[in-house]
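Heads up, the thing below is written out as structure tokens.
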Amino acid sequence: MILSGNAKIKRSVFAMMACILPAILAPATWAQTDESIPPNPAPNFILIVADDLGWSDLGAFGSEINTPNLDAIAAAGAILTNFHVAPTCSPTRAMLLTGVNNHAAGIGTQKGQAAPNQLDSENYRGDLLDSVATIAEVLKPHGYTTMISGKWHVGFIDEQHPDQRGFDKSYVLLDGGASHFDDALPLKPKEPVRYLENGKQVTLPEGFYSSRNYTDKILQYISEQPAGSPYFAYVAYTAPHDPLQVPDEWLGRYEGRYDEGPEATRRMRLQAARGLGLLSENTTIAPPTNPPAILPSHERPWPTRSPEQRALDVKPMEIYASMIEYMDDQIGRIVDLVKERGELENTYFIFLSDNGASPIGPLSYPGTTREWLHANRDMDPTHAGRKKTQTHLSFDWVSVANGPLALFKGTTYEGGIRSPLLISGPGIEPAGLVSGFAHVKDVAPTLYQLAGIDTSTDETFRDRKRPEGHSLLDLLESGNDKRTPVVTELFGNWSVTDGNWKLLVVGPPMGNGTPELYDLTNDLGETNDVAAVHPEIVAELHAAYEAYARENGVIPPHPKLTRDLATTFSGKCGWICQMRFDAGNFLIIKRNRQISLLAVGLCAAIIMLMIYRRYRRS
């Protein structure tokens, strides 16, 4: 692994407070529903997605962040600890809404990030294809009112807006992200921020804050629903995606909580996770990610930082935690309304994150330059969290958010593709932890089974792809998964998971581009590559990837996609700073070797010339 840090993990005891849960979702005795008989009355579904939330960020997973409402959902139902998604937002959302893999659904990559050789493929157009059906399109003919509030990000042309894909009521941010406030500032210069309600563009109300207003709108839609009439409510929060921002009154919510630094916080979370049964004592823990010391984005050990620097470095994590608690608080409002309407015992709650936590800064977004960023955003770290700021998590705090997992969003390591999943509702007994493998493609088939819909005969699937996923109900009952290998591919990086085995390839700078094999039984941190020891398993899983690629039209990007290491640092960067990044690119990203060698040589020549001139003057 190219980017790595100190692997030393110390242990300390963390008093877990998640065992004291609110009673708003106290476990109820619900009757099991035979899968072949449509429920009567039909159940409601509330599907909630967080944006860039880490695997260990909930109280139920060992976090110190206050998430009582989500912890209550977990206590009333099941916690799936081995649930997987795509490495980034829109591919996950495509699979979530259709049950079909993201390539076949039309989102083989993020919109606007297709390589030249992918541009002519329908699988890479970045909009949902008409050949797949959304959950809303399937449920609507069965008497469901369908509604969405929040992030869409799976269809940008008019024909693929939510009002054209089965949603009766919709209030959405079309794009991948934006300011969380009413200024509606875009993440990047060439991506306008567009909000639509029921297909028509709208402006944001004064005082808008994403999590609150998305919740306001879904509460409005549910309140308009006649009693006893089933509904599907999809709430797609943009928290805690960057820019990390929170209302002013929440800015100090976690002040002082992280003063001991990321390593100490991570130790406490891991100890809590062990106490909850999420991790065994033998489970390996990934080392914290840290860019090499040659780079300006390298993070020094916490004790060596000055008090002033530490005070600045904790701010992003304080805001991130506040965003998560604020989102949880809004979820509590939804639960309260469902309870007031007398629908709690006939409503399923499903919660997940679209990928792992992210250290990806604004310079990683296409078209964003350092000059534009500092000219158009308030980059003063003392103002972090307010309007017009652009704050994101650093590598060390992302290692806290993802807990024991390796790396982060954008990669096919577990830190990029493993998400918490919570599910509660009628017939789902409080089952505690479920460790069997599950995938985001399984959510849609689960809802269809709960609604009594047979996808093999349902008219909506005429001439359309049926879901590839499996209903989670069998897994919840047996605890075991019996699927064939599951493949994930994005940006030319891929992984194949089959039981306890995982084969992956991740290109520079986060990986070395060669196959790595891990036995996840006790190596959850992906620390011990055993590819050389088990060549037969490598060959078998590699063949599974090749078959998937052929069947689903996977086109490896050409030229290969890499990430300029300078994008890992959002601060101002003079010529010496840039020279260090050029040297890092030369050492780490092979395809830039010639360009970087020239840049390093020029910089070295300039330095020597400056030294020579200074010597002559003296």
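Labeling convention for the structure tokens: chains A, B, ... as they appear, residues from 1 per chain, ligands from 1 in order of appearance.
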(request) Check range 138-293 of chain A with DSSP on the backbone and list each residue it calls strand (DSSP E), as an MDAnalysis selection string. (result) chainID A and resid 145:151 169:173 195:197 200:202 231:236
(message) Run DSSP on the backbone and tell me which residues of range 155-185 of chain A come out as helix (DSSP H, G or I); list them as a list of chain:residue names.
(response)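 DSSP on the backbone gives helix (DSSP H, G or I) at A:Asp158, A:Glu159, A:Gln160, A:Pro162, A:Asp163, A:Gln164.
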(request) State, in Å with one decimal place, the distance from CA of Ser149 in chain A to CA of Ala384 in chain A. (result) 26.6 Å
(message) So, with only C-alpha atoms as the atoms that count, which of A:Met379, A:Leu447, A:Ile222, A:Leu422 lies closest to Ile48 in chain A?
(response) A:Leu422
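Note that CA of Val554 in chain A and CA of Leu187 in chain A are 28.1 Å apart.
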(request) For Leu421 in chain A, please output as a list in words all residues within 9 Å (counting only C-alpha atoms; exclusion window: fewer than 5 positions along the same chain). (result)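 Once the nearby chain positions are removed, what remains is Ala74, Ala78, Ile79, Leu80, Thr81, Asn82, Phe83, His84, Ile350, Phe351, Leu352 and Ser353 of chain A.
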(request) Point out the residue among A:Ser322, A:Gln271, A:Ser478, A:Thr88 with the least atom-to-atom distance to Ala239 in chain A, counting only C-alpha atoms. (result)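 Ranking A:Ser322, A:Gln271, A:Ser478, A:Thr88 by distance to Ala239 in chain A, first place goes to A:Ser322.
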(request) Take CA of Ala544 in chain A and CA of Pro91 in chain A and report the distance between them in Å, one decimal. (result)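 Between CA of Ala544 in chain A and CA of Pro91 in chain A the gap is 20.1 Å.
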(message) Give me, as a PyMOL selection string, all polymer residues having an atom no more than 10 Å from Thr283 in chain A, counting only C-alpha atoms and skipping those fewer than 2 positions away in the same chain.
(response) chain A and resi 274+278-281+285-286+404+520-525
(request) With a distance cut-off of 10 Å and only C-alpha atoms, select the neighbouring residues of range 399-401 of chain A, excluding the residue or stretch itself and same-chain residues fewer than 2 positions from it, and output the selection as a PyMOL selection string. (result) chain A and resi 52-58+63+261-270+286-290+317+320-321+356-359+393-397+403-408+415
Write the residues of the preceding selection, restricted to C-alpha atoms, as a compact mmCIF listing (two decimals), in the first residue's frame.
# COMPACT_ATOMS: atom_id res chain seq x y z
CA ASP A 52 -19.90 9.82 2.73
CA LEU A 53 -20.59 8.47 6.23
CA GLY A 54 -17.90 6.17 7.63
CA TRP A 55 -18.49 2.58 8.77
CA SER A 56 -17.83 3.40 12.44
CA ASP A 57 -19.63 6.76 12.67
CA LEU A 58 -22.82 5.57 14.43
CA SER A 63 -18.82 5.91 17.76
CA GLY A 261 -6.32 13.60 18.47
CA PRO A 262 -7.31 11.08 15.79
CA GLU A 263 -5.22 8.16 17.01
CA ALA A 264 -6.70 8.27 20.52
CA THR A 265 -10.23 8.67 19.14
CA ARG A 266 -9.74 5.71 16.82
CA ARG A 267 -8.47 3.54 19.67
CA MET A 268 -11.58 4.33 21.69
CA ARG A 269 -13.89 3.52 18.78
CA LEU A 270 -12.16 0.23 18.09
CA ALA A 286 -5.72 -1.11 8.87
CA PRO A 287 -2.94 1.38 9.59
CA PRO A 288 -4.06 5.02 9.43
CA THR A 289 -3.66 6.45 5.95
CA ASN A 290 -1.01 9.14 5.70
CA MET A 317 -13.89 16.50 12.73
CA TYR A 320 -18.34 16.39 10.69
CA ALA A 321 -19.64 14.93 13.97
CA GLY A 356 -17.03 5.22 3.00
CA ALA A 357 -15.79 8.43 4.56
CA SER A 358 -13.82 10.74 2.28
CA PRO A 359 -10.60 12.78 2.50
CA LEU A 393 -11.81 15.66 6.57
CA SER A 394 -8.08 15.02 6.62
CA PHE A 395 -6.62 11.55 6.10
CA ASP A 396 -6.12 10.90 9.81
CA TRP A 397 -9.72 11.75 10.74
CA GLY A 403 -12.68 2.48 11.91
CA PRO A 404 -10.70 -0.70 11.22
CA LEU A 405 -11.08 -0.49 7.45
CA ALA A 406 -8.42 0.32 4.88
CA LEU A 407 -8.45 3.57 2.92
CA PHE A 408 -11.61 5.43 1.90
CA GLY A 415 -12.93 1.67 3.66
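The closest residue to Gly143 in chain A, picked from A:Ala451, A:Gly275, A:Leu244, A:Asp354 and counting only C-alpha atoms, is A:Ala451.
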(request) Find, counting only C-alpha atoms, the residue in A:Leu565, A:Ala94, A:Leu196, A:Val132 that gets nearest to Arg462 in chain A. (result)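 Among the listed residues, the smallest separation from Arg462 in chain A belongs to A:Val132.
Closest to Pro430 in chain A among A:Ala311, A:Val533, A:Met510, A:Leu476 is A:Leu476, based on only C-alpha atoms.
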(request) Tell me which protein, DNA and RNA residues are within 12 Å of Gly513 in chain A, counting only C-alpha atoms, leaving out same-chain ones fewer than 4 positions away, and put them as an MDAnalysis selection string. (result) chainID A and resid 1:2 411:412 492:495 504:509 560:562 588:591
Using only C-alpha atoms, tabulate the residues of range 118-203 of chain A lying at most 12 Å from any atom of range 361-365 of chain A, each with its closest atom pair and that distance in Å to one decimal, by chain and increasing residue number, as CSV.
residue,atom,partner,partner_atom,distance
A:Gly176,CA,A:Tyr365,CA,10.5
A:Gly177,CA,A:Tyr365,CA,10.8
A:Ala178,CA,A:Pro362,CA,11.2
A:Pro186,CA,A:Pro362,CA,10.5
A:Leu187,CA,A:Pro362,CA,7.0
A:Lys188,CA,A:Tyr365,CA,6.2
A:Pro189,CA,A:Tyr365,CA,9.2
A:Lys190,CA,A:Tyr365,CA,10.1
A:Glu191,CA,A:Tyr365,CA,10.0
(request) Could you check which of A:Ile319, A:Ile423, A:Leu337, A:Ala543 is closest to His392 in chain A, using only C-alpha atoms? (result)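 Between A:Ile319, A:Ile423, A:Leu337, A:Ala543, the residue approaching His392 in chain A most closely is A:Ile319.
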(request) Show which residues sit within 8 Å of Ser170 in chain A, as a VMD selection string. Count only C-alpha atoms, and ignore same-chain residues fewer than 4 positions away. (result) chain A and resid 147 to 149 162 to 163 196 to 199
Filtering to all heavy atoms, could you give me those residues as a PDB file, in the first residue's frame?
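Output file result-v3.pdb is given in full below:
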ATOM      1  N   MET A 147     -42.144   9.080  -3.059  1.00  0.00           N
ATOM      2  CA  MET A 147     -41.650  10.430  -2.774  1.00  0.00           C
ATOM      3  C   MET A 147     -40.152  10.398  -2.498  1.00  0.00           C
ATOM      4  O   MET A 147     -39.621   9.413  -1.993  1.00  0.00           O
ATOM      5  CB  MET A 147     -42.409  11.010  -1.580  1.00  0.00           C
ATOM      6  CG  MET A 147     -42.391  10.131  -0.341  1.00  0.00           C
ATOM      7  SD  MET A 147     -43.560  10.647   0.972  1.00  0.00           S
ATOM      8  CE  MET A 147     -45.097   9.995   0.348  1.00  0.00           C
ATOM      9  N   ILE A 148     -39.499  11.472  -2.853  1.00  0.00           N
ATOM     10  CA  ILE A 148     -38.063  11.613  -2.616  1.00  0.00           C
ATOM     11  C   ILE A 148     -37.761  13.024  -2.176  1.00  0.00           C
ATOM     12  O   ILE A 148     -38.341  13.998  -2.695  1.00  0.00           O
ATOM     13  CB  ILE A 148     -37.232  11.266  -3.881  1.00  0.00           C
ATOM     14  CG1 ILE A 148     -35.734  11.529  -3.635  1.00  0.00           C
ATOM     15  CG2 ILE A 148     -37.716  12.019  -5.103  1.00  0.00           C
ATOM     16  CD1 ILE A 148     -34.828  11.150  -4.798  1.00  0.00           C
ATOM     17  N   SER A 149     -36.821  13.145  -1.247  1.00  0.00           N
ATOM     18  CA  SER A 149     -36.299  14.455  -0.855  1.00  0.00           C
ATOM     19  C   SER A 149     -34.809  14.310  -0.616  1.00  0.00           C
ATOM     20  O   SER A 149     -34.375  13.434   0.138  1.00  0.00           O
ATOM     21  CB  SER A 149     -36.986  14.957   0.420  1.00  0.00           C
ATOM     22  OG  SER A 149     -36.493  16.226   0.787  1.00  0.00           O
ATOM     23  N   PRO A 162     -36.376  12.607 -11.308  1.00  0.00           N
ATOM     24  CA  PRO A 162     -37.202  11.691 -10.503  1.00  0.00           C
ATOM     25  C   PRO A 162     -38.679  11.694 -10.850  1.00  0.00           C
ATOM     26  O   PRO A 162     -39.336  10.653 -10.758  1.00  0.00           O
ATOM     27  CB  PRO A 162     -36.958  12.162  -9.059  1.00  0.00           C
ATOM     28  CG  PRO A 162     -36.283  13.479  -9.160  1.00  0.00           C
ATOM     29  CD  PRO A 162     -35.579  13.510 -10.468  1.00  0.00           C
ATOM     30  N   ASP A 163     -39.222  12.845 -11.275  1.00  0.00           N
ATOM     31  CA  ASP A 163     -40.643  12.867 -11.638  1.00  0.00           C
ATOM     32  C   ASP A 163     -40.919  12.045 -12.890  1.00  0.00           C
ATOM     33  O   ASP A 163     -42.070  11.692 -13.164  1.00  0.00           O
ATOM     34  CB  ASP A 163     -41.119  14.311 -11.837  1.00  0.00           C
ATOM     35  CG  ASP A 163     -40.387  15.014 -12.973  1.00  0.00           C
ATOM     36  OD1 ASP A 163     -39.147  15.109 -12.899  1.00  0.00           O
ATOM     37  OD2 ASP A 163     -41.052  15.464 -13.929  1.00  0.00           O
ATOM     38  N   LEU A 196     -34.824  20.860  -7.974  1.00  0.00           N
ATOM     39  CA  LEU A 196     -36.100  20.690  -8.651  1.00  0.00           C
ATOM     40  C   LEU A 196     -37.153  20.225  -7.650  1.00  0.00           C
ATOM     41  O   LEU A 196     -36.867  19.428  -6.765  1.00  0.00           O
ATOM     42  CB  LEU A 196     -36.002  19.628  -9.756  1.00  0.00           C
ATOM     43  CG  LEU A 196     -35.001  19.807 -10.894  1.00  0.00           C
ATOM     44  CD1 LEU A 196     -35.140  18.652 -11.878  1.00  0.00           C
ATOM     45  CD2 LEU A 196     -35.192  21.135 -11.601  1.00  0.00           C
ATOM     46  N   GLU A 197     -38.374  20.722  -7.821  1.00  0.00           N
ATOM     47  CA  GLU A 197     -39.513  20.149  -7.110  1.00  0.00           C
ATOM     48  C   GLU A 197     -40.537  19.735  -8.153  1.00  0.00           C
ATOM     49  O   GLU A 197     -41.001  20.557  -8.953  1.00  0.00           O
ATOM     50  CB  GLU A 197     -40.127  21.119  -6.111  1.00  0.00           C
ATOM     51  CG  GLU A 197     -41.279  20.462  -5.338  1.00  0.00           C
ATOM     52  CD  GLU A 197     -41.648  21.164  -4.056  1.00  0.00           C
ATOM     53  OE1 GLU A 197     -41.348  22.371  -3.917  1.00  0.00           O
ATOM     54  OE2 GLU A 197     -42.241  20.506  -3.174  1.00  0.00           O
ATOM     55  N   ASN A 198     -40.823  18.443  -8.142  1.00  0.00           N
ATOM     56  CA  ASN A 198     -41.770  17.865  -9.106  1.00  0.00           C
ATOM     57  C   ASN A 198     -41.429  18.257 -10.545  1.00  0.00           C
ATOM     58  O   ASN A 198     -42.308  18.580 -11.345  1.00  0.00           O
ATOM     59  CB  ASN A 198     -43.203  18.274  -8.747  1.00  0.00           C
ATOM     60  CG  ASN A 198     -43.607  17.785  -7.369  1.00  0.00           C
ATOM     61  OD1 ASN A 198     -43.192  16.712  -6.939  1.00  0.00           O
ATOM     62  ND2 ASN A 198     -44.406  18.574  -6.667  1.00  0.00           N
ATOM     63  N   GLY A 199     -40.137  18.241 -10.855  1.00  0.00           N
ATOM     64  CA  GLY A 199     -39.680  18.470 -12.220  1.00  0.00           C
ATOM     65  C   GLY A 199     -39.422  19.908 -12.584  1.00  0.00           C
ATOM     66  O   GLY A 199     -38.903  20.183 -13.669  1.00  0.00           O
TER      67      GLY A 199
END
